[in-house]
$ cat work_11.tsv   # TSV, C-alpha atoms
chain	number	residue	atom	x	y	z
X	1	MET	CA	114.31	99.16	115.27
X	2	ALA	CA	115.05	100.05	111.65
X	3	PRO	CA	112.56	102.20	109.73
X	4	PRO	CA	110.05	100.12	107.76
X	5	THR	CA	110.93	99.35	104.20
X	6	GLN	CA	108.63	100.12	101.29
X	7	GLU	CA	107.79	96.43	101.06
X	8	GLN	CA	106.82	96.30	104.73
X	9	VAL	CA	104.58	99.34	104.35
X	10	GLU	CA	102.81	97.85	101.36
X	11	ASP	CA	102.42	94.50	103.10
X	12	ALA	CA	100.97	96.25	106.15
X	13	TYR	CA	98.55	98.13	103.93
X	14	ARG	CA	97.29	95.00	102.18
X	15	ARG	CA	97.04	93.10	105.42
X	16	TYR	CA	95.52	95.64	107.76
X	17	PHE	CA	93.90	98.42	105.80
X	18	PRO	CA	90.79	96.32	104.99
X	19	VAL	CA	90.31	95.78	108.73
X	20	ILE	CA	90.76	99.48	109.44
X	21	ALA	CA	88.42	100.55	106.64
X	22	ARG	CA	85.66	98.18	107.75
X	23	LYS	CA	85.94	99.23	111.36
X	24	CYS	CA	85.83	102.93	110.47
X	25	GLY	CA	82.95	102.33	108.07
X	26	ARG	CA	80.90	100.76	110.83
X	27	MET	CA	81.43	103.72	113.13
X	28	LEU	CA	81.27	106.59	110.65
X	29	ARG	CA	78.53	106.48	108.07
X	30	ASN	CA	80.02	109.21	105.93
X	31	PRO	CA	82.40	107.35	103.57
X	32	THR	CA	84.73	110.34	103.17
X	33	GLU	CA	84.98	110.78	106.89
X	34	ALA	CA	85.54	107.06	107.39
X	35	GLN	CA	88.31	107.12	104.79
X	36	ASP	CA	89.96	110.09	106.50
X	37	VAL	CA	90.03	108.33	109.83
X	38	ALA	CA	91.16	105.06	108.25
X	39	GLN	CA	94.12	106.82	106.63
X	40	GLU	CA	95.03	108.43	109.90
X	41	VAL	CA	94.92	105.10	111.70
X	42	PHE	CA	97.12	103.44	109.09
X	43	LEU	CA	99.69	106.21	109.32
X	44	ARG	CA	99.74	105.85	113.08
X	45	LEU	CA	100.01	102.08	112.75
X	46	TRP	CA	103.52	102.09	111.53
X	47	LYS	CA	104.53	105.34	113.11
X	48	GLY	CA	103.90	103.37	116.30
X	49	ARG	CA	106.38	100.73	115.17
X	50	LEU	CA	104.17	97.82	116.15
X	51	GLU	CA	105.25	94.25	115.64
X	52	LEU	CA	102.91	93.71	112.72
X	53	ARG	CA	103.41	89.96	112.56
X	54	ASP	CA	101.40	89.62	115.78
X	55	ALA	CA	97.89	89.90	114.32
X	56	GLY	CA	96.25	89.67	117.75
X	57	ALA	CA	98.12	92.60	119.25
X	58	THR	CA	97.95	94.65	116.06
X	59	THR	CA	94.19	94.25	115.62
X	60	ALA	CA	93.62	95.15	119.27
X	61	TRP	CA	95.64	98.31	118.75
X	62	LEU	CA	93.76	99.07	115.53
X	63	TYR	CA	90.40	98.70	117.22
X	64	ARG	CA	91.43	100.95	120.09
X	65	THR	CA	92.85	103.63	117.80
X	66	CYS	CA	89.98	103.53	115.30
X	67	THR	CA	87.43	103.82	118.08
X	68	HIS	CA	89.22	106.68	119.77
X	69	LEU	CA	89.66	108.69	116.57
X	70	ALA	CA	86.07	108.07	115.46
X	71	ILE	CA	84.78	109.39	118.77
X	72	GLU	CA	86.97	112.46	118.37
X	73	ARG	CA	85.51	112.97	114.92
X	74	ILE	CA	81.91	112.51	116.03
X	75	ARG	CA	82.43	114.87	118.94
X	76	ALA	CA	83.97	117.50	116.68
X	77	ARG	CA	80.95	117.23	114.42
X	78	ALA	CA	78.59	117.48	117.37
X	79	ARG	CA	80.34	120.66	118.52
X	80	HIS	CA	79.38	122.20	115.20
X	81	GLY	CA	75.75	121.30	115.74
X	82	GLU	CA	75.74	118.28	113.43
X	83	SER	CA	74.16	115.03	114.40
X	84	PRO	CA	76.28	112.33	116.02
X	85	GLY	CA	74.25	109.99	113.86
X	86	GLU	CA	76.37	106.88	114.31
X	87	LEU	CA	76.08	107.09	118.05
X	88	ALA	CA	72.37	107.78	118.00
X	89	ASP	CA	71.60	104.12	117.40
X	90	VAL	CA	73.93	103.11	120.18
X	91	LEU	CA	72.93	105.71	122.71
X	92	ALA	CA	69.37	106.67	122.18
X	93	SER	CA	67.15	104.11	120.58
X	94	PRO	CA	64.40	104.24	119.60
X	95	GLY	CA	64.98	107.24	117.37
X	96	PRO	CA	62.81	110.32	117.45
X	97	GLY	CA	59.84	111.13	115.29
X	98	VAL	CA	60.02	113.80	112.61
X	99	ASP	CA	58.61	116.52	114.84
X	100	GLU	CA	61.17	116.12	117.55
X	101	ARG	CA	64.19	115.35	115.39
X	102	THR	CA	65.91	118.73	115.69
X	103	ASP	CA	65.57	118.80	119.42
X	104	HIS	CA	66.70	115.20	119.64
X	105	ARG	CA	69.77	115.93	117.55
X	106	ARG	CA	70.75	118.83	119.77
X	107	ALA	CA	70.23	116.76	122.89
X	108	LEU	CA	72.28	113.90	121.49
X	109	ALA	CA	75.09	116.27	120.59
X	110	ASP	CA	75.13	117.54	124.17
X	111	LEU	CA	75.10	113.98	125.44
X	112	VAL	CA	78.02	112.89	123.27
X	113	GLY	CA	80.01	115.86	124.49
X	114	ALA	CA	79.32	115.04	128.11
X	115	LEU	CA	79.82	111.29	128.24
X	116	PRO	CA	83.21	109.95	129.34
X	117	THR	CA	85.34	108.74	126.43
X	118	ASP	CA	86.04	105.32	127.94
X	119	GLU	CA	82.32	104.64	128.28
X	120	LEU	CA	81.70	105.64	124.67
X	121	GLU	CA	84.59	103.45	123.53
X	122	ALA	CA	83.22	100.45	125.43
X	123	ALA	CA	79.74	101.10	124.02
X	124	LEU	CA	80.95	101.25	120.43
X	125	LEU	CA	83.07	98.14	120.80
X	126	SER	CA	80.20	96.25	122.39
X	127	ARG	CA	77.24	97.42	120.37
X	128	VAL	CA	78.70	98.22	116.99
X	129	ASP	CA	81.59	95.74	116.78
X	130	ARG	CA	79.91	92.98	118.82
X	131	LEU	CA	82.98	92.49	121.01
X	132	THR	CA	82.68	90.36	124.11
X	133	HIS	CA	83.66	91.78	127.46
X	134	PRO	CA	87.02	89.97	127.46
X	135	GLU	CA	87.72	91.32	123.97
X	136	ILE	CA	86.79	94.86	125.01
X	137	GLY	CA	89.07	94.50	128.00
X	138	GLU	CA	91.91	93.39	125.76
X	139	VAL	CA	91.37	96.26	123.32
X	140	LEU	CA	91.07	98.96	125.96
X	141	GLY	CA	93.70	97.46	128.25
X	142	VAL	CA	91.36	97.11	131.22
X	143	SER	CA	89.87	94.22	133.18
X	144	GLU	CA	86.54	92.58	132.38
X	145	ARG	CA	85.23	94.00	135.61
X	146	THR	CA	86.09	97.49	134.44
X	147	VAL	CA	84.36	96.81	131.12
X	148	ARG	CA	81.19	95.78	132.92
X	149	ARG	CA	81.40	98.87	135.10
X	150	LEU	CA	81.84	101.15	132.08
X	151	LEU	CA	78.85	99.69	130.27
X	152	THR	CA	76.67	99.70	133.39
X	153	ARG	CA	77.50	103.32	134.10
X	154	LEU	CA	76.75	104.26	130.53
X	155	ASP	CA	73.38	102.53	130.67
X	156	GLU	CA	72.60	104.35	133.91
X	157	ARG	CA	73.51	107.68	132.36
X	158	LEU	CA	71.40	106.94	129.29
X	159	ALA	CA	68.43	105.90	131.42
X	160	ALA	CA	68.66	109.14	133.37
X	161	TRP	CA	69.01	111.11	130.14
X	162	ARG	CA	65.94	109.46	128.63
X	163	ALA	CA	63.98	110.05	131.81
X	164	ARG	CA	64.88	113.74	131.79
X	165	ARG	CA	63.83	114.03	128.16
X	166	GLU	CA	60.51	112.35	128.83
X	167	VAL	CA	59.86	114.73	131.70
X	168	ALA	CA	60.81	117.69	129.53
X	169	ALA	CA	58.48	116.49	126.78
O	1	VAL	CA	76.68	91.52	122.09
O	2	THR	CA	75.17	89.09	119.62
O	3	PRO	CA	75.84	85.72	121.20
O	4	ALA	CA	75.04	83.79	118.04
O	5	HIS	CA	77.94	85.30	116.09
O	6	PRO	CA	81.58	86.01	116.92
O	7	SER	CA	82.69	89.62	117.08
O	8	PHE	CA	84.01	91.40	114.01
O	9	LEU	CA	87.38	91.43	115.75
O	10	ALA	CA	87.38	87.63	116.05
O	11	LEU	CA	86.40	87.25	112.42
O	12	GLU	CA	89.10	89.63	111.24
O	13	ARG	CA	91.72	87.88	113.34
O	14	HIS	CA	90.67	84.63	111.75
O	15	ALA	CA	91.08	86.20	108.31
O	16	LEU	CA	94.59	87.27	109.32
O	17	GLY	CA	95.52	83.80	110.49
O	18	ALA	CA	95.00	84.19	114.24
O	19	THR	CA	92.14	81.79	114.64
O	20	ARG	CA	90.48	79.83	117.44
O	21	PRO	CA	89.12	76.28	117.05
O	22	GLU	CA	85.58	77.16	118.06
O	23	LEU	CA	85.51	79.92	115.45
O	24	ALA	CA	86.33	77.51	112.66
O	25	ALA	CA	83.36	75.39	113.69
O	26	HIS	CA	81.09	78.43	113.64
O	27	LEU	CA	82.29	79.49	110.21
O	28	ALA	CA	81.57	76.08	108.79
O	29	ALA	CA	77.94	76.54	109.75
O	30	CYS	CA	77.41	80.29	109.26
O	31	ALA	CA	77.40	81.64	105.71
O	32	SER	CA	77.28	85.32	106.71
O	33	CYS	CA	80.32	85.09	108.99
O	34	ALA	CA	82.18	83.02	106.42
O	35	ALA	CA	81.47	85.68	103.80
O	36	TYR	CA	82.70	88.39	106.16
O	37	VAL	CA	85.95	86.50	106.74
O	38	ALA	CA	86.42	86.07	103.00
O	39	ASP	CA	86.00	89.82	102.47
O	40	ALA	CA	88.32	90.66	105.35
O	41	ALA	CA	91.22	88.66	103.97
O	42	PRO	CA	94.35	90.63	103.06
O	43	SER	CA	93.77	92.62	99.90
O	44	ALA	CA	95.71	92.33	96.68
O	45	ALA	CA	94.63	95.81	95.64
O	46	PRO	CA	97.31	98.32	94.61
O	47	VAL	CA	98.69	100.38	97.47
O	48	PRO	CA	97.65	104.02	97.03
O	49	ALA	CA	100.15	106.84	96.90
O	50	TRP	CA	99.26	108.32	100.28
O	51	ALA	CA	100.15	105.05	101.99
O	52	ARG	CA	103.39	104.61	100.06
O	53	GLU	CA	104.64	108.15	100.34
O	54	ALA	CA	103.71	109.36	103.80
O	55	LYS	CA	106.68	107.76	105.42
O	56	PRO	CA	107.79	109.49	108.61
O	57	ARG	CA	111.20	108.61	109.94
O	58	ARG	CA	111.37	109.01	113.63
O	59	THR	CA	114.97	108.40	114.40
O	60	SER	CA	117.02	108.52	111.25
O	61	TRP	CA	118.17	112.07	111.58
O	62	LEU	CA	116.96	113.05	115.01
O	63	THR	CA	120.19	112.00	116.61
O	64	PRO	CA	122.46	113.89	114.24
O	65	PHE	CA	120.05	116.77	114.42
O	66	ARG	CA	120.38	116.90	118.18
O	67	SER	CA	124.12	116.92	117.83
O	68	LEU	CA	123.68	119.93	115.60
O	69	GLY	CA	121.73	121.74	118.29
O	70	LEU	CA	124.01	124.75	118.12
O	71	ALA	CA	123.58	124.97	114.37
O	72	ALA	CA	119.84	124.69	114.75
O	73	ALA	CA	119.83	127.42	117.37
O	74	VAL	CA	121.89	129.64	115.12
O	75	ALA	CA	119.53	128.91	112.28
O	76	GLY	CA	116.66	129.99	114.50
O	77	VAL	CA	118.32	133.28	115.28
O	78	VAL	CA	119.09	133.87	111.64
O	79	LEU	CA	115.56	132.98	110.85
O	80	VAL	CA	114.10	135.63	113.10
O	81	GLY	CA	116.51	138.14	111.71
O	82	VAL	CA	115.60	137.29	108.17
O	83	ASN	CA	111.96	137.31	108.99
O	84	LEU	CA	112.03	140.71	110.58
O	85	SER	CA	114.04	142.21	107.80
O	86	ARG	CA	112.08	140.75	104.91
O	87	PRO	CA	108.43	141.27	104.13
O	88	ARG	CA	106.36	138.16	104.38
O	89	ALA	CA	105.18	136.65	101.14
O	90	PRO	CA	101.48	137.11	100.52
O	91	ASP	CA	99.24	134.32	101.79
O	92	GLY	CA	98.32	131.67	99.33
O	93	ASP	CA	101.21	132.06	96.97
O	94	GLY	CA	102.90	128.99	98.35
O	95	VAL	CA	106.26	130.52	99.09
O	96	ASP	CA	106.18	131.16	102.84
O	97	GLY	CA	109.31	129.27	103.71
O	98	TYR	CA	110.06	131.15	106.88
O	99	ILE	CA	107.47	132.92	108.89
O	100	GLY	CA	107.14	134.20	112.40
O	101	THR	CA	108.07	136.82	114.89
O	102	LYS	CA	108.86	136.46	118.54
O	103	GLY	CA	105.73	135.58	120.50
O	104	ALA	CA	103.65	135.01	117.39
O	105	PRO	CA	102.71	131.71	115.78
O	106	GLY	CA	105.38	130.40	113.45
O	107	ALA	CA	106.46	127.41	111.41
O	108	TRP	CA	109.89	126.72	110.02
O	109	LEU	CA	111.00	123.94	107.77
O	110	PHE	CA	114.47	122.55	108.34
O	111	LEU	CA	116.08	120.77	105.45
O	112	LYS	CA	118.88	118.25	105.96
O	113	ARG	CA	120.94	117.36	102.92
O	114	GLY	CA	123.97	115.26	103.63
O	115	ASP	CA	125.57	116.78	106.70
O	116	ASP	CA	124.09	120.20	106.12
O	117	VAL	CA	121.01	121.38	108.03
O	118	HIS	CA	119.45	124.72	107.22
O	119	VAL	CA	116.13	126.50	107.18
O	120	TRP	CA	114.33	126.14	103.90
O	121	ASN	CA	114.25	129.54	102.24
O	122	GLY	CA	110.88	129.22	100.55
O	123	ASN	CA	112.20	128.68	97.05
O	124	GLU	CA	115.00	126.15	97.22
O	125	PRO	CA	114.20	122.95	95.31
O	126	VAL	CA	114.45	119.71	97.24
O	127	VAL	CA	115.92	116.45	95.98
O	128	ALA	CA	115.27	112.82	96.75
O	129	GLY	CA	116.88	111.88	100.03
O	130	ASP	CA	116.51	115.31	101.63
O	131	LEU	CA	115.07	115.09	105.12
O	132	LEU	CA	112.43	117.55	106.25
O	133	ARG	CA	111.53	118.50	109.75
O	134	PHE	CA	109.33	121.27	111.14
O	135	LYS	CA	109.84	123.54	114.08
O	136	VAL	CA	106.77	125.41	115.28
O	137	GLN	CA	105.95	128.12	117.76
O	138	GLY	CA	102.47	127.65	119.17
O	139	ALA	CA	101.98	131.08	120.76
O	140	GLY	CA	98.87	129.92	122.57
O	141	PHE	CA	97.65	127.29	120.12
O	142	ALA	CA	97.30	123.89	121.77
O	143	HIS	CA	97.73	121.56	118.79
O	144	VAL	CA	99.89	121.23	115.72
O	145	GLY	CA	99.12	119.15	112.67
O	146	VAL	CA	101.18	118.54	109.55
O	147	PHE	CA	99.28	117.56	106.43
O	148	ALA	CA	100.32	116.57	102.93
O	149	VAL	CA	98.32	117.10	99.79
O	150	VAL	CA	97.49	113.69	98.33
O	151	PRO	CA	96.07	112.97	94.89
O	152	GLU	CA	94.12	109.76	95.59
O	153	PRO	CA	91.59	110.40	96.89
O	154	PRO	CA	92.14	114.15	96.46
O	155	GLY	CA	92.62	115.86	99.76
O	156	TYR	CA	94.97	115.96	102.71
O	157	ALA	CA	96.59	113.17	104.66
O	158	ARG	CA	97.76	113.83	108.20
O	159	LEU	CA	101.45	113.20	108.70
O	160	TYR	CA	101.69	114.39	112.27
O	161	ASP	CA	99.44	115.43	115.11
O	162	GLY	CA	100.69	116.65	118.45
O	163	VAL	CA	100.04	118.79	121.47
O	164	LEU	CA	101.83	122.08	122.08
O	165	ALA	CA	102.64	123.37	125.51
O	166	GLY	CA	104.50	126.46	126.55
O	167	ALA	CA	105.66	129.42	124.56
O	168	GLN	CA	108.94	128.02	123.31
O	169	ALA	CA	109.38	126.86	119.74
O	170	LEU	CA	109.24	123.09	119.41
O	171	SER	CA	110.92	120.80	116.90
O	172	LEU	CA	108.46	118.12	115.88
O	173	PRO	CA	109.65	114.58	116.59
O	174	SER	CA	108.87	113.28	113.09
O	175	ALA	CA	110.92	113.86	109.98
O	176	TRP	CA	110.12	113.00	106.38
O	177	GLU	CA	112.30	111.94	103.53
O	178	VAL	CA	111.77	113.33	100.05
O	179	ASP	CA	111.23	110.45	97.65
O	180	ALA	CA	112.25	110.14	94.02
O	181	ARG	CA	108.82	110.62	92.48
O	182	SER	CA	108.40	113.61	90.23
O	183	GLY	CA	106.10	116.50	91.06
O	184	ASP	CA	105.88	119.09	93.80
O	185	GLU	CA	105.19	118.25	97.42
O	186	THR	CA	102.78	120.44	99.33
O	187	LEU	CA	102.76	120.37	103.11
O	188	LEU	CA	100.49	122.33	105.39
O	189	VAL	CA	101.20	123.17	109.01
O	190	VAL	CA	98.09	123.87	111.07
O	191	LEU	CA	98.22	125.31	114.56
O	192	SER	CA	94.86	125.08	116.25
O	193	ALA	CA	92.96	125.14	119.50
O	194	ALA	CA	91.74	121.57	118.97
O	195	PRO	CA	92.88	118.67	116.77
O	196	VAL	CA	92.05	119.15	113.09
O	197	ALA	CA	90.83	116.26	110.95
O	198	PRO	CA	92.24	115.81	107.45
O	199	GLY	CA	88.77	116.25	106.01
O	200	ASP	CA	88.55	119.74	107.50
O	201	VAL	CA	91.87	121.01	106.17
O	202	ALA	CA	90.71	122.06	102.71
O	203	GLY	CA	87.97	124.21	104.21
O	204	LEU	CA	90.34	125.76	106.73
O	205	ALA	CA	92.90	126.49	104.03
O	206	ALA	CA	90.24	128.18	101.95
O	207	ARG	CA	89.07	130.33	104.85
O	208	GLY	CA	92.51	131.29	106.10
O	209	ASP	CA	93.62	132.12	109.61
O	210	ASP	CA	91.15	132.89	112.37
O	211	ALA	CA	91.18	132.92	116.16
O	212	GLN	CA	91.17	129.12	116.32
O	213	HIS	CA	93.48	128.27	113.43
O	214	TRP	CA	96.78	129.34	111.94
O	215	LEU	CA	97.91	127.72	108.71
O	216	ARG	CA	101.00	127.85	106.54
O	217	ARG	CA	101.57	126.11	103.25
O	218	PHE	CA	104.96	124.88	102.07
O	219	VAL	CA	105.19	124.04	98.38
O	220	LEU	CA	108.39	122.16	97.66
O	221	THR	CA	109.60	121.87	94.10
O	222	LYS	CA	111.54	118.70	93.41
O	223	ARG	CA	114.73	118.79	91.44
O	224	ALA	CA	115.95	115.69	89.64
O	225	PRO	CA	119.01	114.15	91.33
O	226	GLY	CA	122.25	115.36	89.83
O	227	LYS	CA	120.67	118.32	88.08
O	228	ALA	CA	122.21	121.68	88.81
O	229	PRO	CA	120.12	123.97	91.05
$ encode --input "work_11.tsv" --output "structure tokens"
Amino acid sequence: MAPPTQEQVEDAYRRYFPVIARKCGRMLRNPTEAQDVAQEVFLRLWKGRLELRDAGATTAWLYRTCTHLAIERIRARARHGESPGELADVLASPGPGVDERTDHRRALADLVGALPTDELEAALLSRVDRLTHPEIGEVLGVSERTVRRLLTRLDERLAAWRARREVAA
Amino acid sequence: VTPAHPSFLALERHALGATRPELAAHLAACASCAAYVADAAPSAAPVPAWAREAKPRRTSWLTPFRSLGLAAAVAGVVLVGVNLSRPRAPDGDGVDGYIGTKGAPGAWLFLKRGDDVHVWNGNEPVVAGDLLRFKVQGAGFAHVGVFAVVPEPPGYARLYDGVLAGAQALSLPSAWEVDARSGDETLLVVLSAAPVAPGDVAGLAARGDDAQHWLRRFVLTKRAPGKAP
């Protein structure tokens, strides 16, 4: 396949960058961070030489890549002791009170580091992007049954995590 | 899942022309989803420089480069010799064109102009059409990233991210072509224990090397085509 022309790159940007930016903005509340990840995804988009005329396949790839890179970013932040804020709503609602916020943040950071990536990806796609199970399966390249298993396992882990925290409190 | 509304993915696909009949019916009755689709439509906004300029070419000169394997190997030997015999430029002055000793982290920039491939010497101007490719020696670092300084928004854009394995020097699979725009190009090679995000590069560059990171900056001055060096 020939390298993309300047016109193709600009067309890809106008067509797909709004999708990428919105998706990253939903997952990463910090606009600078979201922009960083969005740029990275766009660069990978045509480094990957996708057939960009197929909007279905391209958007599935974009969702998978955005989700994966956002989780990497949130995990990196958590390793530095910062809050995985975007995942807090997904993983640990209701949120903590003021008194327990520091402890909660630390616990969430540990949780984000420990959870399997595929379960986090499924959770973000389901609970942030509102994807159906068939759509999640298409994006992640797995069966609907696997999607259900991923989400069930995640819920079980979160229930156990909440129970441990309640006991500790 | 919110059963009352389609997913964002379905709405965005609709905006891009890949629609489903049942979605059209929903949009006719749902103002919020219809507004989302309108906002998600392809943008007419100007394409920023980082998107236009960061244009890796995966294959254009990899094949000829492979056929020049002997020349590249010779260049590597010369490189080490030069490096050992010349003092390294001070950090931060933007002229470290060739760096590295055996067993230590290193980054080399190969420049292909016409049929000629050679190691960039740290000062040589580049011209539009030159092809650039890095070779790195991880020396224990697990990841390599190549970043470019971009003006809008100010910061770094990642051009390449990859995993390093083994002690041998590795030629990165991506190459970049120098475009005709005026102004210097600044590239940063980062060897690290874990992947580095573009947003973290400025801070790392300011702090310098540590146990987890090794960085080298390559500032390339552009010469106008046809102008004598």
$ interface_residues --input "work_11.tsv" --of "chain X" --to "chain O" --cutoff "6 Å" --atoms "all atoms listed in the file" --output "number ranges by chain"
X: 14-15, 126, 129-131
$ atom_distance --input "work_11.tsv" --atom1 "CA of Val127 in chain O" --atom2 "CA of Asp115 in chain O"
14.4 Å
$ atom_distance --input "work_11.tsv" --atom1 "CA of His143 in chain O" --atom2 "CA of Asp110 in chain X"
23.6 Å
$ atom_distance --input "work_11.tsv" --atom1 "CA of Leu151 in chain X" --atom2 "CA of Pro134 in chain X"
13.0 Å
$ axis_aligned_box --input "work_11.tsv" --around "range 143-148 of chain X" --padding-each-side "4 Å" --output "lines of an AutoDock Vina configuration file"
center_x = 85.5
center_y = 95.0
center_z = 133.4
size_x = 16.7
size_y = 12.9
size_z = 12.5
$ residues_around --input "work_11.tsv" --residues "Ser182 in chain O" --least-positions-apart "3" --cutoff "12 Å" --atoms "only C-alpha atoms" --output "list of chain:residue names"
O:Val126, O:Val127, O:Ala128, O:Val178, O:Asp179, O:Glu185, O:Leu220, O:Thr221, O:Lys222, O:Arg223, O:Ala224, O:Pro225
